[in-house]
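Undergrad: This is input.cif (mmCIF, C-alpha atoms).
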```
data_input
loop_
_atom_site.group_PDB
_atom_site.id
_atom_site.type_symbol
_atom_site.label_atom_id
_atom_site.label_comp_id
_atom_site.auth_asym_id
_atom_site.auth_seq_id
_atom_site.Cartn_x
_atom_site.Cartn_y
_atom_site.Cartn_z
ATOM 1 C CA MET A 658 221.671 112.714 14.926
ATOM 2 C CA HIS A 659 219.583 109.625 14.205
ATOM 3 C CA ASN A 660 216.655 110.406 16.448
ATOM 4 C CA ARG A 661 214.613 113.342 15.237
ATOM 5 C CA ARG A 662 210.937 112.595 15.650
ATOM 6 C CA LEU A 663 210.029 114.950 12.791
ATOM 7 C CA PRO A 664 212.013 116.425 9.897
ATOM 8 C CA ARG A 665 213.069 120.014 10.569
ATOM 9 C CA ARG A 666 210.550 121.298 7.991
ATOM 10 C CA GLY A 667 207.817 119.244 9.660
ATOM 11 C CA ILE A 668 208.731 120.617 13.069
ATOM 12 C CA ALA A 669 208.631 124.163 11.756
ATOM 13 C CA LEU A 670 205.199 123.675 10.120
ATOM 14 C CA ALA A 671 203.804 122.004 13.242
ATOM 15 C CA ALA A 672 205.116 124.804 15.435
ATOM 16 C CA ALA A 673 203.705 127.448 13.107
ATOM 17 C CA ALA A 674 200.279 125.790 13.073
ATOM 18 C CA ALA A 675 200.276 125.513 16.857
ATOM 19 C CA ALA A 676 201.289 129.161 17.199
ATOM 20 C CA VAL A 677 198.200 130.267 15.263
ATOM 21 C CA ALA A 678 195.946 128.486 17.732
ATOM 22 C CA ALA A 679 197.911 129.454 20.844
ATOM 23 C CA PRO A 680 196.678 132.247 23.126
ATOM 24 C CA ALA A 681 198.513 135.562 22.904
ATOM 25 C CA GLY A 682 201.650 135.680 25.034
ATOM 26 C CA CYS A 683 202.244 131.895 24.954
ATOM 27 C CA ALA A 684 205.603 130.984 23.412
ATOM 28 C CA LEU A 685 205.874 127.527 21.860
ATOM 29 C CA GLU A 686 209.143 125.824 21.012
ATOM 30 C CA PRO A 687 209.635 123.191 18.326
ATOM 31 C CA GLU A 688 210.172 119.617 19.497
ATOM 32 C CA ALA A 689 213.767 119.057 20.607
ATOM 33 C CA ASP A 690 216.065 116.261 19.514
ATOM 34 C CA THR A 691 215.545 113.201 21.699
ATOM 35 C CA ILE A 692 216.424 109.544 21.699
ATOM 36 C CA VAL A 693 212.830 108.726 22.651
ATOM 37 C CA GLY A 694 211.147 107.120 19.647
ATOM 38 C CA ALA A 695 214.426 106.555 17.806
ATOM 39 C CA ARG A 696 214.411 103.618 15.403
ATOM 40 C CA SER A 697 218.199 103.126 15.732
ATOM 41 C CA LEU A 698 220.936 104.428 18.003
ATOM 42 C CA THR A 699 224.649 105.125 17.734
ATOM 43 C CA ILE A 700 226.125 104.577 21.191
ATOM 44 C CA GLY A 701 229.565 105.737 22.272
ATOM 45 C CA VAL A 702 231.584 103.215 24.296
ATOM 46 C CA LYS A 703 235.190 102.618 25.253
ATOM 47 C CA ALA A 704 237.295 100.187 23.233
ATOM 48 C CA ASP A 705 240.259 99.598 25.543
ATOM 49 C CA GLN A 706 238.789 98.951 28.994
ATOM 50 C CA PRO A 707 238.587 95.208 29.783
ATOM 51 C CA HIS A 708 235.305 94.115 31.379
ATOM 52 C CA LEU A 709 233.762 97.575 30.768
ATOM 53 C CA GLY A 710 234.124 98.439 27.091
ATOM 54 C CA LEU A 711 236.535 96.475 24.936
ATOM 55 C CA ARG A 712 236.676 96.055 21.171
ATOM 56 C CA ARG A 713 237.575 92.491 20.292
ATOM 57 C CA SER A 714 239.749 91.428 17.365
ATOM 58 C CA ASP A 715 236.597 90.636 15.342
ATOM 59 C CA GLY A 716 235.383 94.212 15.766
ATOM 60 C CA ARG A 717 232.636 93.429 18.258
ATOM 61 C CA TYR A 718 232.373 95.267 21.581
ATOM 62 C CA GLU A 719 231.946 93.598 24.951
ATOM 63 C CA GLY A 720 231.828 94.522 28.631
ATOM 64 C CA PHE A 721 229.551 95.751 31.400
ATOM 65 C CA ASP A 722 228.921 99.145 29.778
ATOM 66 C CA VAL A 723 228.152 97.476 26.456
ATOM 67 C CA ASP A 724 225.649 95.085 28.046
ATOM 68 C CA VAL A 725 224.036 97.948 29.966
ATOM 69 C CA ALA A 726 223.729 99.946 26.740
ATOM 70 C CA VAL A 727 222.056 97.026 24.944
ATOM 71 C CA TYR A 728 219.591 96.558 27.819
ATOM 72 C CA LEU A 729 218.697 100.250 28.046
ATOM 73 C CA ALA A 730 218.324 100.614 24.282
ATOM 74 C CA GLY A 731 215.994 97.613 24.331
ATOM 75 C CA ARG A 732 213.836 99.295 26.964
ATOM 76 C CA LEU A 733 213.613 102.267 24.568
ATOM 77 C CA GLY A 734 212.451 99.961 21.789
ATOM 78 C CA VAL A 735 215.751 99.671 19.893
ATOM 79 C CA PRO A 736 216.875 96.030 19.410
ATOM 80 C CA PRO A 737 220.569 95.002 19.250
ATOM 81 C CA GLU A 738 220.561 94.778 15.444
ATOM 82 C CA ARG A 739 219.739 98.497 15.235
ATOM 83 C CA ILE A 740 222.512 99.596 17.601
ATOM 84 C CA ARG A 741 225.803 100.870 16.242
ATOM 85 C CA PHE A 742 228.635 101.098 18.757
ATOM 86 C CA ARG A 743 231.315 103.714 18.226
ATOM 87 C CA THR A 744 234.648 104.016 20.039
ATOM 88 C CA THR A 745 234.506 107.234 22.079
ATOM 89 C CA PRO A 746 237.612 108.038 24.182
ATOM 90 C CA SER A 747 237.336 110.299 27.238
ATOM 91 C CA SER A 748 238.887 113.238 25.395
ATOM 92 C CA VAL A 749 236.090 113.471 22.780
ATOM 93 C CA ARG A 750 232.935 112.485 24.687
ATOM 94 C CA GLU A 751 231.375 115.962 24.914
ATOM 95 C CA ARG A 752 232.251 116.807 21.325
ATOM 96 C CA ALA A 753 230.823 113.530 20.034
ATOM 97 C CA LEU A 754 227.460 114.346 21.604
ATOM 98 C CA GLN A 755 227.502 117.967 20.501
ATOM 99 C CA ASP A 756 228.256 117.232 16.846
ATOM 100 C CA GLY A 757 225.882 114.263 16.628
ATOM 101 C CA THR A 758 228.561 111.623 16.120
ATOM 102 C CA VAL A 759 226.767 109.566 18.785
ATOM 103 C CA ASP A 760 223.258 109.658 20.236
ATOM 104 C CA MET A 761 224.235 108.569 23.730
ATOM 105 C CA ILE A 762 227.370 107.548 25.612
ATOM 106 C CA VAL A 763 227.793 104.617 28.011
ATOM 107 C CA ALA A 764 231.518 104.708 28.714
ATOM 108 C CA SER A 765 232.473 104.940 32.413
ATOM 109 C CA TYR A 766 231.325 108.571 32.089
ATOM 110 C CA SER A 767 231.376 110.159 35.558
ATOM 111 C CA ILE A 768 228.769 112.844 36.203
ATOM 112 C CA THR A 769 230.437 116.120 37.235
ATOM 113 C CA ALA A 770 229.211 119.698 37.558
ATOM 114 C CA PRO A 771 231.378 121.047 34.685
ATOM 115 C CA ARG A 772 230.235 118.260 32.351
ATOM 116 C CA LYS A 773 226.578 118.902 33.204
ATOM 117 C CA THR A 774 226.886 122.331 31.582
ATOM 118 C CA LYS A 775 227.530 120.591 28.241
ATOM 119 C CA VAL A 776 225.754 117.244 28.568
ATOM 120 C CA THR A 777 222.434 115.971 29.921
ATOM 121 C CA PHE A 778 223.079 112.929 32.101
ATOM 122 C CA ALA A 779 220.710 110.099 32.902
ATOM 123 C CA GLY A 780 221.486 107.991 35.931
ATOM 124 C CA PRO A 781 223.841 107.194 37.443
ATOM 125 C CA TYR A 782 223.506 103.564 36.417
ATOM 126 C CA TYR A 783 226.315 102.563 38.799
ATOM 127 C CA VAL A 784 228.449 104.247 41.478
ATOM 128 C CA PRO A 785 231.996 102.846 41.632
ATOM 129 C CA HIS A 786 234.752 104.278 43.837
ATOM 130 C CA GLN A 787 238.121 105.685 42.891
ATOM 131 C CA ASP A 788 241.030 103.520 43.974
ATOM 132 C CA THR A 789 244.659 103.043 42.944
ATOM 133 C CA LEU A 790 246.537 100.320 41.070
ATOM 134 C CA VAL A 791 250.262 99.813 41.606
ATOM 135 C CA ARG A 792 252.804 97.182 40.627
ATOM 136 C CA ALA A 793 252.447 93.954 42.593
ATOM 137 C CA ASP A 794 255.943 94.292 44.050
ATOM 138 C CA ASP A 795 255.530 97.939 45.148
ATOM 139 C CA THR A 796 254.887 98.070 48.894
ATOM 140 C CA SER A 797 255.618 101.805 49.269
ATOM 141 C CA ILE A 798 252.097 102.849 48.197
ATOM 142 C CA ARG A 799 249.279 101.835 50.543
ATOM 143 C CA SER A 800 246.833 104.725 50.161
ATOM 144 C CA VAL A 801 246.264 107.801 48.011
ATOM 145 C CA ARG A 802 248.434 109.840 50.399
ATOM 146 C CA ASP A 803 251.443 107.729 49.477
ATOM 147 C CA LEU A 804 251.290 109.108 45.910
ATOM 148 C CA GLU A 805 253.171 112.187 47.116
ATOM 149 C CA GLY A 806 256.245 112.467 44.890
ATOM 150 C CA LYS A 807 255.239 109.448 42.803
ATOM 151 C CA ARG A 808 254.623 109.335 39.037
ATOM 152 C CA LEU A 809 250.869 109.233 38.473
ATOM 153 C CA CYS A 810 249.287 108.501 35.100
ATOM 154 C CA GLN A 811 247.060 111.301 33.749
ATOM 155 C CA VAL A 812 244.512 110.409 31.051
ATOM 156 C CA THR A 813 243.362 113.238 28.788
ATOM 157 C CA GLY A 814 239.658 113.944 29.330
ATOM 158 C CA SER A 815 239.486 112.081 32.653
ATOM 159 C CA ASN A 816 238.999 113.780 36.021
ATOM 160 C CA SER A 817 240.546 111.022 38.119
ATOM 161 C CA TRP A 818 243.953 112.634 38.430
ATOM 162 C CA ARG A 819 242.300 115.858 39.651
ATOM 163 C CA ARG A 820 240.855 113.959 42.615
ATOM 164 C CA VAL A 821 244.439 113.306 43.687
ATOM 165 C CA THR A 822 246.467 116.394 42.803
ATOM 166 C CA GLU A 823 243.829 119.137 43.023
ATOM 167 C CA GLU A 824 241.120 118.009 45.454
ATOM 168 C CA ARG A 825 243.534 116.338 47.879
ATOM 169 C CA GLU A 826 246.524 118.525 46.944
ATOM 170 C CA ILE A 827 248.872 115.562 46.742
ATOM 171 C CA LYS A 828 251.997 116.567 44.838
ATOM 172 C CA ALA A 829 252.375 113.681 42.437
ATOM 173 C CA THR A 830 254.245 113.973 39.122
ATOM 174 C CA LEU A 831 251.724 113.640 36.303
ATOM 175 C CA VAL A 832 252.521 111.636 33.171
ATOM 176 C CA ARG A 833 249.993 112.409 30.437
ATOM 177 C CA VAL A 834 248.605 109.800 28.010
ATOM 178 C CA ASP A 835 245.412 109.375 25.979
ATOM 179 C CA THR A 836 243.967 106.149 27.400
ATOM 180 C CA TYR A 837 244.055 103.940 30.481
ATOM 181 C CA SER A 838 245.447 101.055 28.462
ATOM 182 C CA GLU A 839 248.511 103.257 27.843
ATOM 183 C CA CYS A 840 248.697 103.850 31.602
ATOM 184 C CA MET A 841 248.857 100.115 32.175
ATOM 185 C CA ASP A 842 251.676 99.758 29.653
ATOM 186 C CA LEU A 843 253.629 102.535 31.393
ATOM 187 C CA LEU A 844 253.056 100.873 34.764
ATOM 188 C CA ASP A 845 254.437 97.576 33.440
ATOM 189 C CA GLN A 846 257.409 99.455 31.989
ATOM 190 C CA ARG A 847 258.017 101.223 35.343
ATOM 191 C CA ARG A 848 257.544 104.624 33.713
ATOM 192 C CA VAL A 849 254.728 105.472 36.124
ATOM 193 C CA ASP A 850 254.248 104.311 39.697
ATOM 194 C CA ALA A 851 250.463 104.301 39.932
ATOM 195 C CA VAL A 852 247.182 104.469 38.050
ATOM 196 C CA SER A 853 244.266 105.941 39.995
ATOM 197 C CA THR A 854 240.700 105.824 38.698
ATOM 198 C CA ASP A 855 237.372 104.033 39.182
ATOM 199 C CA ASP A 856 237.689 100.602 40.784
ATOM 200 C CA LEU A 857 235.696 98.912 37.977
ATOM 201 C CA ILE A 858 238.220 100.169 35.416
ATOM 202 C CA LEU A 859 241.120 99.033 37.567
ATOM 203 C CA ALA A 860 239.534 95.623 38.203
ATOM 204 C CA GLY A 861 239.156 95.049 34.484
ATOM 205 C CA PHE A 862 242.809 95.793 33.819
ATOM 206 C CA ALA A 863 244.111 93.960 36.876
ATOM 207 C CA ALA A 864 242.384 90.743 35.763
ATOM 208 C CA GLY A 865 244.905 90.306 32.966
ATOM 209 C CA ARG A 866 247.996 91.832 34.533
ATOM 210 C CA SER A 867 250.162 91.592 37.621
ATOM 211 C CA GLY A 868 249.115 94.899 39.174
ATOM 212 C CA ARG A 869 247.659 95.225 42.674
ATOM 213 C CA ILE A 870 244.581 97.294 43.619
ATOM 214 C CA LEU A 871 245.090 98.990 46.993
ATOM 215 C CA ASN A 872 241.438 98.498 48.046
ATOM 216 C CA ALA A 873 241.616 101.944 49.640
ATOM 217 C CA PRO A 874 238.761 103.851 47.899
ATOM 218 C CA PHE A 875 238.489 107.584 48.426
ATOM 219 C CA THR A 876 235.665 108.922 46.200
ATOM 220 C CA ASP A 877 232.300 108.018 44.714
ATOM 221 C CA GLU A 878 232.179 108.208 40.898
ATOM 222 C CA LYS A 879 228.671 108.380 39.428
ATOM 223 C CA TYR A 880 228.552 106.673 36.027
ATOM 224 C CA GLY A 881 225.967 108.445 33.892
ATOM 225 C CA ILE A 882 224.489 108.040 30.418
ATOM 226 C CA GLY A 883 225.582 111.036 28.363
ATOM 227 C CA LEU A 884 222.922 112.613 26.122
ATOM 228 C CA HIS A 885 222.703 115.644 23.860
ATOM 229 C CA LYS A 886 222.238 118.695 26.104
ATOM 230 C CA GLY A 887 218.542 119.303 26.670
ATOM 231 C CA ASP A 888 217.236 115.800 25.958
ATOM 232 C CA LEU A 889 215.168 115.663 29.145
ATOM 233 C CA ALA A 890 212.653 113.213 27.687
ATOM 234 C CA GLY A 891 215.481 110.804 26.892
ATOM 235 C CA CYS A 892 216.952 111.273 30.361
ATOM 236 C CA GLU A 893 213.657 110.502 32.078
ATOM 237 C CA ALA A 894 213.056 107.434 29.890
ATOM 238 C CA LEU A 895 216.542 106.116 30.657
ATOM 239 C CA ASN A 896 216.100 106.658 34.390
ATOM 240 C CA ARG A 897 212.960 104.525 34.259
ATOM 241 C CA ALA A 898 214.906 101.880 32.307
ATOM 242 C CA ILE A 899 217.786 101.920 34.830
ATOM 243 C CA THR A 900 215.300 101.462 37.675
ATOM 244 C CA ARG A 901 213.822 98.460 35.873
ATOM 245 C CA MET A 902 217.320 97.063 35.235
ATOM 246 C CA TYR A 903 217.923 96.861 38.990
ATOM 247 C CA GLN A 904 214.420 95.691 39.863
ATOM 248 C CA ASP A 905 214.418 92.784 37.418
ATOM 249 C CA GLY A 906 217.864 91.552 38.506
ATOM 250 C CA THR A 907 219.703 92.423 35.291
ATOM 251 C CA ALA A 908 222.103 94.841 37.014
ATOM 252 C CA ALA A 909 223.129 92.264 39.607
ATOM 253 C CA ARG A 910 223.584 89.610 36.930
ATOM 254 C CA LEU A 911 225.762 91.856 34.737
ATOM 255 C CA LEU A 912 227.891 93.043 37.659
ATOM 256 C CA ASP A 913 228.513 89.443 38.692
ATOM 257 C CA LYS A 914 229.233 88.444 35.089
ATOM 258 C CA TRP A 915 231.966 91.024 34.619
ATOM 259 C CA PHE A 916 233.288 91.722 38.155
ATOM 260 C CA GLY A 917 232.139 88.845 40.346
ATOM 261 C CA LYS A 918 235.661 87.439 40.622
ATOM 262 C CA SER A 919 237.379 90.799 41.181
ATOM 263 C CA GLY A 920 237.045 90.880 44.958
ATOM 264 C CA LEU A 921 235.324 94.283 44.807
ATOM 265 C CA LYS A 922 232.249 94.950 46.922
ATOM 266 C CA LEU A 923 229.550 95.388 44.278
ATOM 267 C CA THR A 924 226.394 97.427 44.875
ATOM 268 C CA THR A 925 223.153 95.964 43.521
ATOM 269 C CA SER A 926 220.656 98.539 44.812
ATOM 270 C CA ILE A 927 219.221 101.314 42.620
ATOM 271 C CA PRO A 928 221.559 104.356 42.626
ATOM 272 C CA GLN A 929 220.212 107.749 43.645
ATOM 273 C CA PHE A 930 219.575 109.673 40.421
ATOM 274 C CA GLU A 931 221.000 113.131 39.838
ATOM 275 C CA GLY A 932 217.873 114.518 38.160
ATOM 276 C CA CYS A 933 217.538 115.525 34.513
ATOM 277 C CA SER A 934 218.760 118.974 33.500
#
```
Output the structure of this file as structure tokens.
TA:
Amino acid sequence: MHNRRLPRRGIALAAAAAAVAAPAGCALEPEADTIVGARSLTIGVKADQPHLGLRRSDGRYEGFDVDVAVYLAGRLGVPPERIRFRTTPSSVRERALQDGTVDMIVASYSITAPRKTKVTFAGPYYVPHQDTLVRADDTSIRSVRDLEGKRLCQVTGSNSWRRVTEEREIKATLVRVDTYSECMDLLDQRRVDAVSTDDLILAGFAAGRSGRILNAPFTDEKYGIGLHKGDLAGCEALNRAITRMYQDGTAARLLDKWFGKSGLKLTTSIPQFEGCS
């Protein structure tokens, strides 16, 4: 991690000194790792999602999530020159936080109950909706129910396919890949019939391809900022920063910048936070 406020030895000495002065029966814990007060941050983002998190040929990252990350880091006192972005696919997000590879993750990271057992989430900073992308010439799929018997792309580490086959019990044939960019390639090659995930992800891909978004949303997906489990101070600071991002018009500006031409109905009001845990 890059964000310890005190060296481990310093924490131990401070805790020991405090324990001497503490009343009997009061247990004190050493200060936990937190992004609050960090001088620099390593932030996990996607590298293959157009308009959300994309790594350009020159190595720089761009997209809505990237801009949000820069804004939020700035509110924490970390300027762009002290941010290091790191490609963090869906399949390794929890591990990257647990082993300290990244300090926080801003990567279309939906808040779910199972993930909250491993990760502390700030936010959400946006609530997109799950929809479905099909080939432009495919008129047989008009809603999620029409995926029955169809080949549906399954991305490792993503929960989107579960919304279809498990929550709605639609018997689609799953085709497993590692990233959504691979899904798009398979769709072009007619090796899958549909890609179903958050509408912001689909809008980014559809902008450069011939696919068609059904515009038939069926879930809310709460995009959260992933933090090391237990970083409640960081979570609370980020929630204040997200609130400011909407109040000062930055959220609306960034949504219009990246998705204004997509045809999606974009929400520019402050999302309801999950609460830090």
Undergrad: Kindly give the distance, in Å, that separates CA of Arg901 (chain A) and CA of Ser926 (chain A), rounded to a single decimal.
TA: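 If I compute the distance from CA of Arg901 (chain A) to CA of Ser926 (chain A), I get 11.3 Å.
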Undergrad: Here's the selection I'm unsure about, the PyMOL selection byres ((chain A and resi 827) around 7); applied to the file above, which residues does it give, as a list in words?
TA: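 Selection result, ordered by chain and number: Arg802, Leu804, Glu805, Val821, Thr822, Arg825, Glu826, Lys828 and Ala829 of chain A.
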Undergrad: Excluding Gly734 (chain A) and any residue of its chain fewer than 5 positions from it, enumerate the residues within 8 Å of it, using all atoms listed in the file, and give them as a list in words.
TA: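 That gives Gly694, Ala695 and Arg696 of chain A.
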Undergrad: Evaluated on this file, the PyMOL selection byres ((chain A and resi 728) around 12) picks out some residues - which ones are they, written as an MDAnalysis selection string?
TA: chainID A and resid 721:727 729:737 740 763 782 895 898:903 905:908 911
Undergrad: What does the distance from CA of Ser934 (chain A) to CA of Gln706 (chain A) come to in Å, to one decimal?
TA: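 CA of Gln706 (chain A) lies 28.7 Å from CA of Ser934 (chain A).
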Undergrad: Once the PyMOL selection byres ((chain A and resi 838) around 12) is applied to the coordinates I shared, what remains selected? I want it as a PyMOL selection string.
TA: chain A and resi 703-707+710-711+746+810-812+834-837+839-845+852+858-859+861-863+865-866
Undergrad: I'd like the interatomic distance between CA of Lys807 (chain A) and CA of Ser853 (chain A), to a tenth of an Å.
TA: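 According to the coordinates, CA of Lys807 (chain A) and CA of Ser853 (chain A) are separated by 11.9 Å.
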Undergrad: Smallest atom-to-atom distance to Arg772 (chain A): which of A:Thr924, A:Thr876, A:Ser815, A:Gln904, using all atoms listed in the file?
TA: A:Ser815
Undergrad: Go through A:Pro785, A:Asp795, A:Ser800, A:Cys892 one by one, measure the shortest atom-to-atom distance of each to Val849 (chain A) using all atoms listed in the file, and give the residue with the smallest value.
TA: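 Closest candidate: A:Asp795.
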Undergrad: Could you check which of A:Val702, A:Ala851, A:Ala764, A:Ala894 is closest to Leu831 (chain A), using all atoms listed in the file?
TA: A:Ala851
Undergrad: List as a ChimeraX atom specification the residues having at least one atom at most 12 Å from position (255.5, 99.0, 46.6) as given in the file, counting all atoms listed in the file.
TA: /A:790-800,803-804,807,847,850-851,868-871
Undergrad: If we count all atoms listed in the file and set the cut-off at 7 Å, which residues sit around Arg741 (chain A), ignoring sequence neighbours fewer than 3 positions away in its own chain? Please answer as a count of residues only.
TA: 3
